[in-house]
Amino acid sequence: MSYRNSLFSYGSVAKFFHWLIALLIIAMLIYGYFLENIPKAYAGFAYNLHKMTGITIFALVVLRMLWGAINPKPMIPPGTPMWQRLSEYLVHYTLYLCILAMPLAGWIGSSAAGKAPHLGGINFMLPIAQSKTISSASFFIHNNLAIIIIVLVSVHVLAALYHHFIKRDNILRRMLPYGG
C-alpha cells in the first residue's frame, strides 16, 4: 500500500489520520459525556487529559488538512449525482470546521476560566483575559459542537454504509485500513 493517495484509493497516511482522528473523537465524545461524573479526587487529571487530547486532535486535523492539500483525494465514482457530490463536500468541510472549532472553544473556555491545559510544567494558556462570560460562552459553543459533530459523523457513517451496501461502489473500501 502506498503512503500517498491514488486516483482510486486513499494512501496509508490519509487512512492513518482518518482512523486515528475518528477513534479519538468518538472516545472524547464518550469521555466528555461522563466527565462530570468523575470523582473529585481524579477530576483535575481527568479534565486535563480531556483538554490535552482535544489539543492533540486539533493538531492532527491541521496535519491531515495539510496532507490533503498536497495529496488530493481519490476520484468520486463516475455517475455520482451532483447532490451527493455537494452533500459529501458540505458534510466533510462542516465536519472539519466543527472538529477544529470544538477543541478551540474548549481551550478558550479553559484559558478564560484560568484552568488552561498543561503537560507537566508546560502551561498552554491562551492570551485571553480571565472572564466568566467568555468561559461560559466558549463552553456553550463547545458542548453544542459535540451534538453537531455527532450528527455529522452519523451522516458520514450512514453515507459510507449506503455506498457499500446499496450502491456497492468502492467509497468505503478505499478508506478501510486494508481496503482499496
# chains A, B, ... in the order shown; residues from 1 in each chain; ligands from 1
call {"tool": "residues_around", "arguments": {"residues": "Val62 in chain A", "least_positions_apart": "5", "cutoff": "12 Å", "atoms": "only C-alpha atoms", "output": "VMD selection string"}}
result
chain A and resid 17 21 55 to 57 67 to 69 96 to 97 99 to 101
call {"tool": "closest_atom_pairs", "arguments": {"of": "range 16-95 of chain A", "to": "range 1-5 of chain A", "cutoff": "10 Å", "atoms": "only C-alpha atoms", "output": "tab-separated table"}}
result
residue	atom	partner	partner_atom	distance
A:Phe16	CA	A:Tyr3	CA	9.6
A:Trp67	CA	A:Arg4	CA	9.4
A:Gly68	CA	A:Asn5	CA	9.3
A:Ile70	CA	A:Arg4	CA	9.8
A:Asn71	CA	A:Asn5	CA	6.5
A:Pro72	CA	A:Asn5	CA	7.0
A:Lys73	CA	A:Asn5	CA	6.7
A:Pro74	CA	A:Asn5	CA	6.6
call {"tool": "write_last_selection", "arguments": {"atoms": "N, CA and C atoms", "output": "compact mmCIF listing (two decimals), in the first residue's frame"}}
result
# COMPACT_ATOMS: atom_id res chain seq x y z
N PHE A 16 -4.37 6.55 8.07
CA PHE A 16 -3.92 6.67 9.46
C PHE A 16 -4.56 7.88 10.14
N TRP A 67 -1.81 17.59 4.74
CA TRP A 67 -1.54 16.41 3.91
C TRP A 67 -2.53 16.37 2.73
N GLY A 68 -3.79 16.64 3.01
CA GLY A 68 -4.80 16.65 1.96
C GLY A 68 -4.56 17.73 0.92
N ILE A 70 -1.69 18.69 -0.22
CA ILE A 70 -0.61 18.30 -1.13
C ILE A 70 -0.82 16.89 -1.71
N ASN A 71 -1.91 16.27 -1.31
CA ASN A 71 -2.18 14.89 -1.71
C ASN A 71 -3.68 14.76 -1.99
N PRO A 72 -4.12 15.12 -3.17
CA PRO A 72 -5.56 15.18 -3.48
C PRO A 72 -6.30 13.87 -3.23
N LYS A 73 -7.61 14.02 -2.99
CA LYS A 73 -8.49 12.88 -2.74
C LYS A 73 -8.67 12.03 -3.99
N PRO A 74 -8.96 10.75 -3.79
CA PRO A 74 -9.31 9.90 -4.94
C PRO A 74 -10.59 10.41 -5.62
call {"tool": "select_by_dssp", "arguments": {"residues": "chain A", "states": "strand (DSSP E)", "output": "JSON, numbers by chain"}}
result
{"A": [118, 119, 122, 123]}
call {"tool": "write_last_selection", "arguments": {"atoms": "C-alpha atoms", "output": "PDB file, in the first residue's frame"}}
result
ATOM      1  CA  HIS A 118      -0.899  21.682  30.876  1.00  0.00           C
ATOM      2  CA  LEU A 119       1.640  18.986  30.244  1.00  0.00           C
ATOM      3  CA  ILE A 122       4.259  23.436  30.344  1.00  0.00           C
ATOM      4  CA  ASN A 123       1.119  25.540  30.519  1.00  0.00           C
TER       5      ASN A 123
END
call {"tool": "residues_around", "arguments": {"residues": "Thr80 in chain A", "least_positions_apart": "6", "cutoff": "12 Å", "atoms": "only C-alpha atoms", "output": "list in words"}}
result
Leu86, Ser87, Glu88, His163, Lys167, Asp169 and Ile171 of chain A
call {"tool": "write_last_selection", "arguments": {"atoms": "N, CA and C atoms", "output": "PDB file, in the first residue's frame"}}
result
ATOM      1  N   LEU A  86     -22.240  17.347  -3.746  1.00  0.00           N
ATOM      2  CA  LEU A  86     -22.368  18.543  -2.919  1.00  0.00           C
ATOM      3  C   LEU A  86     -22.546  18.177  -1.441  1.00  0.00           C
ATOM      4  N   SER A  87     -23.324  17.132  -1.186  1.00  0.00           N
ATOM      5  CA  SER A  87     -23.528  16.680   0.200  1.00  0.00           C
ATOM      6  C   SER A  87     -22.218  16.209   0.812  1.00  0.00           C
ATOM      7  N   GLU A  88     -21.438  15.460   0.034  1.00  0.00           N
ATOM      8  CA  GLU A  88     -20.139  14.975   0.513  1.00  0.00           C
ATOM      9  C   GLU A  88     -19.243  16.158   0.876  1.00  0.00           C
ATOM     10  N   HIS A 163     -23.155   3.654   0.449  1.00  0.00           N
ATOM     11  CA  HIS A 163     -22.316   3.391  -0.720  1.00  0.00           C
ATOM     12  C   HIS A 163     -21.861   1.924  -0.760  1.00  0.00           C
ATOM     13  N   LYS A 167     -25.220   1.031  -3.009  1.00  0.00           N
ATOM     14  CA  LYS A 167     -24.621   1.338  -4.322  1.00  0.00           C
ATOM     15  C   LYS A 167     -23.546   0.334  -4.720  1.00  0.00           C
ATOM     16  N   ASP A 169     -20.338   0.440  -4.374  1.00  0.00           N
ATOM     17  CA  ASP A 169     -19.145   1.015  -5.002  1.00  0.00           C
ATOM     18  C   ASP A 169     -17.978   0.936  -4.012  1.00  0.00           C
ATOM     19  N   ILE A 171     -16.430   3.363  -2.281  1.00  0.00           N
ATOM     20  CA  ILE A 171     -16.254   4.523  -1.402  1.00  0.00           C
ATOM     21  C   ILE A 171     -15.769   4.103  -0.014  1.00  0.00           C
TER      22      ILE A 171
END
call {"tool": "residues_around", "arguments": {"residues": "Ala160 in chain A", "least_positions_apart": "4", "cutoff": "8 Å", "atoms": "only C-alpha atoms", "output": "list in words"}}
result
His156, His164, Ile171 and Leu172 of chain A
call {"tool": "write_last_selection", "arguments": {"atoms": "C-alpha atoms", "output": "tab-separated table (two decimals), in the first residue's frame"}}
result
chain	number	residue	atom	x	y	z
A	156	HIS	CA	-20.85	10.36	7.31
A	164	HIS	CA	-21.04	0.00	0.45
A	171	ILE	CA	-16.25	4.52	-1.40
A	172	LEU	CA	-15.98	2.69	1.92
call {"tool": "closest_residue", "arguments": {"among": "A:Ile76, A:Ala14, A:Ile134, A:Ile147", "to": "Gly106 in chain A", "atoms": "only C-alpha atoms"}}
result
A:Ile134
